[in-house]
Amino acid sequence: MIRTLCAATRLRASPTVVWTHLTDFARWPEWFFGVRSLRVSPPRGGPGAEREITLVYGSTHRERITHWEPPTSFSLEVRDPPFFTRFWQVTVRLEPSVGSTQLAWEMRYEMRLGAVGSAIDIAAVAPVLRLVLHMSLRRLGSRCERLRSEALPRRGPRRTSREARCQQRRTRGVATAERQRPRRPC
């Protein structure tokens with residue numbers, strides 16, 4: 001039986017920025033939990049490109065990109081999936097939204113070993129995959145937001161840390177004074 005796991009998140013960056021991070025395969029170990037290294041041939045990706053992914057626990061898998069539509073989607077199929085699966089496919093879709101991008105990650109796989117494989121999937125594989133996807137997409141979101149904010153122009157002159165602290169104290173003092181009310185006599 002083919003199992004489908006989906007994860008979705010809204011990233012505060014344009015689809016082009018998100019696509020750039022998703023397709024910079026050499027940097028996947030920086031945000032995708034459990035990936036030690038990832039090499040692509042040809043390096044630019046695209047349909048038919050081969051990826052070799054090495055996981056932190058040492059296993060290496062070959063993948064082929066089967067669909068490539070910048071900057072909205074790509075799909076890949078694992079050519080030699082982990083020993084406990086027969087089939088493994090991933091599809092990533094990006095949909096633009098106002099000031100953000102909706103990212104949908106769909107993973108389809110089929111377990112080996114019949115009923116025993118299904119039980120292992122329910123008890124261990126699916127929960128671990130959901131956790132890995134959740135953590136990885138959060139890291140990707142943080143990365144996109146950080147790099148987006150670095151690219152935005154700064155407003156006004158930069159204050160030194162001392163000036164900033166003085167301004168905070170002045171602002172805090174005004175807010176406190178405004179909140180204080182005279183005491184009423186008993």
# chains A, B, ... in the order shown; residues from 1 in each chain; ligands from 1

call {"tool": "residues_around", "arguments": {"residues": "segment 22-32 of chain A", "least_positions_apart": "5", "cutoff": "10 Å", "atoms": "only C-alpha atoms", "output": "count of residues only"}}
result
32

call {"tool": "residues_around", "arguments": {"residues": "Met1 of chain A", "least_positions_apart": "6", "cutoff": "9 Å", "atoms": "only C-alpha atoms", "output": "list in words"}}
result
Tyr109, Glu110, Met111, Gly114 and Ser118 of chain A

call {"tool": "residues_around", "arguments": {"residues": "Ser73 of chain A", "least_positions_apart": "4", "cutoff": "12 Å", "atoms": "only C-alpha atoms", "output": "number ranges by chain"}}
result
A: 15-16, 18-20, 22-23, 46-47, 65-69, 90-96, 102-106

call {"tool": "select_by_dssp", "arguments": {"residues": "segment 2-181 of chain A", "states": "strand (DSSP E or B)", "output": "ChimeraX atom specification"}}
result
/A:2-11,35-41,50-55,60-69,73-78,85-97,100-111
